[in-house]
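Data block below; observations after.
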Amino acid sequence: MIYTLAAWSMAALCWWLAAYGLVRRCRLTAPLAGPRLGEMITIFKPLPRLGPTGASEGLREALLSFVRQLDGETELLLGVHEEDRMATQPWIAQLQAIAPAGSLRVFFRSGMDIHANAKISWLEWLAPHARGPWWLWSDADIVAPKAWLEQARRAAVALPQANLVTFPYHVNCPVHPQGWWDAAFVNAEMLPGACLLVVLGREVDFAFGAAMLFRRDIFLDKCDWATLGHNLADDFAVGHTLGHCRVALPALETLAEESTWWGALRHYQRWHKTIRWCQPVGYASQIAINPLLGWFAAALIFPDMTAVWLGLLLQYGAEILVVVLLTRRTRGRWFPSASPLFILAVWPALRSAMWLVSWLPISVRWREHSWRGLQRPDR
């Protein structure tokens with residue numbers, strides 16, 4: 001048994017070493033050169049309901065990162081709920097002052113969402129106003145690195161057979177301590193796999209909500225708004241429907257602004273559960289790189305075996321090292337203080353527990369709905 005668990009741990013270690021190398025390689029990838037897409041791109045940026053607290057500084061900076069890159073061949077459609085009009089006007093005026101004339105258009109909408117997925121309700125409402133033959137869907141809390149939009153234009157030309165070009169994301173510096181759980185998930189569990197797809201140049205049938213670039217006519221020919229609107233994972237659904245999707249670089253940054261431990265835990269659970277619903281076989285195969293579950297089980301069955309407890313301790317320590325090094329490599333610098341290290345130390349147990357919990361019939365909460373499946377929202 002000990003030898004089997006040790007072999008399991010070594011197999012997982014091989015992946016984590018590869019993951020570190022993949023993230024490092026993708027961070028050092030030179031910018032794309034060559035021809036660029038010369039047609040207009042319409043960027044969709046619908047905002048969630050902001051409530052009494054208004055837009056956070058991080059959200060405003062995320063929008064600003066896109067506005068700074070607008071030009072005569074790009075427009076951004078910003079969707080704001082009518083009840084947030086007064087609170088948003090001051091900083092929207094600042095965005096308009098920075099944007100080239102006519103490139104930033106702001107739309108206010110009142111009334112109820114027509115789909116269970118509120119984001120799709122917004123996107124469908126904004127679509128008739130889009131002037132570009134290319135659409136770029138990007139979540140509101142995404143930060144675009146400098147010159148990213150130009151790289152997206154080059155990626156679209158470099159991958160001419162793709163119906164959709166999508167870009168992964170990472171977490172750089174969470175606003176609150178709770179956000180380091182999001183950082184662990186994104187930087188250690190998602191980003192290495194995305195980097196592997198870039199290196200292999202493989203087509204996929206899903207997309208990342210950070211950025212999806214596709215032709216308007218292909219989308220309207222293949223996708224149905226009502227179907228998307230009843231799906232929790234709209235990014236996955238768009239990629240699955242369009243097919244021939246390719247992952248490109250550079251990665252963008254997503255904000256991690258959860259301010260409570262319960263909220264951070266539910267967010268982490270939603271990410272795991274959504275992946276389990278979208279790709280159950282792939283999610284199940286993650287057991288191959290989760291030997292901590294085996295060591296935990298062995299410790300429960302054979303509590304008197306010193307070798308088992310030693311193996312458990314070594315495995316747990318190795319996974320803490322993994323998440324710390326991957327997060328540091330993704331950020332490109334060390335941590336601002338020692339406190340994130342203690343928070344990340346929970347990740348190995350959290351990841352193992354969440355993998356098990358994700359197979360239970362527990363719903364996830366997103367916006368105004370609880371979801372018991374990708375297409376089963378509770379009203």
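Letters A, B, ... mark the chains of the structure tokens in the order given; residue numbers begin at 1 per chain; ligand numbers begin at 1, in order shown.
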Write out as a Markdown table a residue-level contact list of stretch 26-58 of chain A versus stretch 240-250 of chain A with cut-off 9 Å: for each qualifying residue the closest pair of atoms and the distance in Å to one decimal, counting only C-alpha atoms, rows sorted by chain and residue number upward.
| residue | atom | partner | partner_atom | distance |
| --- | --- | --- | --- | --- |
| A:Cys26 | CA | A:Leu249 | CA | 7.6 |
| A:Arg27 | CA | A:Pro250 | CA | 7.8 |
| A:Thr29 | CA | A:Pro250 | CA | 8.2 |
| A:Pro31 | CA | A:Pro250 | CA | 8.0 |
| A:Leu32 | CA | A:Leu249 | CA | 8.9 |
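Residues lying within 8 Å of stretch 57-60 of chain A, counting only C-alpha atoms and ignoring same-chain neighbours fewer than 2 positions away, are A:Ala55, A:Ala62, A:Leu63, A:Leu64, A:Trp91, A:Ala140, A:Asp141, A:Leu255.
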*Find the residues around stretch 344-347 of chain A up to 7 Å (only C-alpha atoms counted), leave out those fewer than 6 positions away in its own chain, and share them as a PyMOL selection string.*
chain A and resi 180-181+184+320
*Contact residues around A:Met354 with only C-alpha atoms at 9 Å, ignoring same-chain residues under 2 positions, as a PyMOL selection string*: chain A and resi 268-269+272-273+349-352+356-359
*atom CA of A:Phe44 and atom CA of A:Arg154 are how many Å apart?*
19.4 Å
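Using only C-alpha atoms for every distance, the candidate list A:Ala307, A:Leu265, A:Ala127, A:Leu191 yields A:Ala127 as the residue closest to A:Leu220.
Relative to atom CA of A:Arg276, atom CA of A:Val199 is found at 24.3 Å.
Proximity of A:Arg25, A:His81, A:His267, A:Arg216 to A:Thr330, computed with only C-alpha atoms, is greatest for A:Arg25.
The neighbours of A:Thr227 here are the residues that come within 10 Å of it, using only C-alpha atoms and leaving out any residue fewer than 2 positions away in the same chain; they are His115, Ile120, Cys223, Asp224, Trp225, Gly229, His230, Asn231, Asp234, Ala237, Val238 and Gln375 of chain A.
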Selection file, N, CA, C and O atoms, as a CSV table (one decimal), in the first residue's frame:
chain,number,residue,atom,x,y,z
A,115,HIS,N,-33.4,36.2,-19.1
A,115,HIS,CA,-32.9,34.9,-19.0
A,115,HIS,C,-32.4,34.6,-17.6
A,115,HIS,O,-32.1,35.6,-16.8
A,120,ILE,N,-26.1,36.9,-20.0
A,120,ILE,CA,-26.6,36.7,-21.3
A,120,ILE,C,-27.8,37.6,-21.6
A,120,ILE,O,-27.9,38.1,-22.8
A,223,CYS,N,-25.4,29.8,-32.6
A,223,CYS,CA,-25.8,29.9,-31.2
A,223,CYS,C,-27.2,30.4,-31.0
A,223,CYS,O,-27.7,31.2,-31.9
A,224,ASP,N,-27.9,30.0,-30.0
A,224,ASP,CA,-29.2,30.5,-29.7
A,224,ASP,C,-29.2,31.2,-28.3
A,224,ASP,O,-28.8,30.6,-27.3
A,225,TRP,N,-29.7,32.4,-28.3
A,225,TRP,CA,-29.7,33.2,-27.1
A,225,TRP,C,-30.5,32.5,-26.0
A,225,TRP,O,-30.0,32.5,-24.8
A,229,GLY,N,-28.9,31.5,-22.4
A,229,GLY,CA,-29.4,32.2,-21.3
A,229,GLY,C,-29.9,31.3,-20.2
A,229,GLY,O,-30.1,31.8,-19.0
A,230,HIS,N,-30.1,30.1,-20.5
A,230,HIS,CA,-30.5,29.1,-19.5
A,230,HIS,C,-29.3,28.2,-19.0
A,230,HIS,O,-29.5,27.1,-18.5
A,231,ASN,N,-28.1,28.7,-19.3
A,231,ASN,CA,-26.9,27.9,-18.9
A,231,ASN,C,-26.1,28.7,-17.9
A,231,ASN,O,-25.8,29.9,-18.2
A,234,ASP,N,-22.0,30.0,-19.4
A,234,ASP,CA,-22.2,30.5,-20.7
A,234,ASP,C,-20.9,30.5,-21.6
A,234,ASP,O,-21.0,30.3,-22.8
A,237,ALA,N,-20.6,27.1,-22.8
A,237,ALA,CA,-21.6,26.8,-23.8
A,237,ALA,C,-21.3,27.4,-25.1
A,237,ALA,O,-21.5,26.8,-26.2
A,238,VAL,N,-20.8,28.6,-25.1
A,238,VAL,CA,-20.4,29.3,-26.4
A,238,VAL,C,-19.3,28.5,-27.1
A,238,VAL,O,-19.4,28.2,-28.3
A,375,GLN,N,-28.2,23.8,-16.3
A,375,GLN,CA,-29.4,24.3,-16.9
A,375,GLN,C,-30.6,24.2,-16.0
A,375,GLN,O,-31.7,24.1,-16.5
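Within stretch 146-363 of chain A, DSSP applied to the backbone places the following residues in strand (DSSP E or B): Leu164, Val165, Thr166, Phe167, Tyr169, His170, Glu203, Val204, Ala211, Met212, Leu213, Phe214, Arg215, Cys245, Arg246, Val247, Leu252, Glu253 and Thr254 of chain A.
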_Can you pull out every residue from stretch 166-354 of chain A that DSSP, working from the backbone, puts in helix (DSSP H, G or I), and format the result as a ChimeraX atom specification?_
/A:179-200,216-222,225-229,234-242,261-278,280-289,291-301,306-331,339-344,347-354
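For the atom pair formed by atom CA of A:Gly79 and atom CA of A:Leu374, the distance is 24.8 Å, given to one decimal.
Considering only C-alpha atoms, the residue among A:Ala19, A:Arg68, A:Ile43, A:Ala144 positioned nearest to A:Ala194 is A:Ala19.
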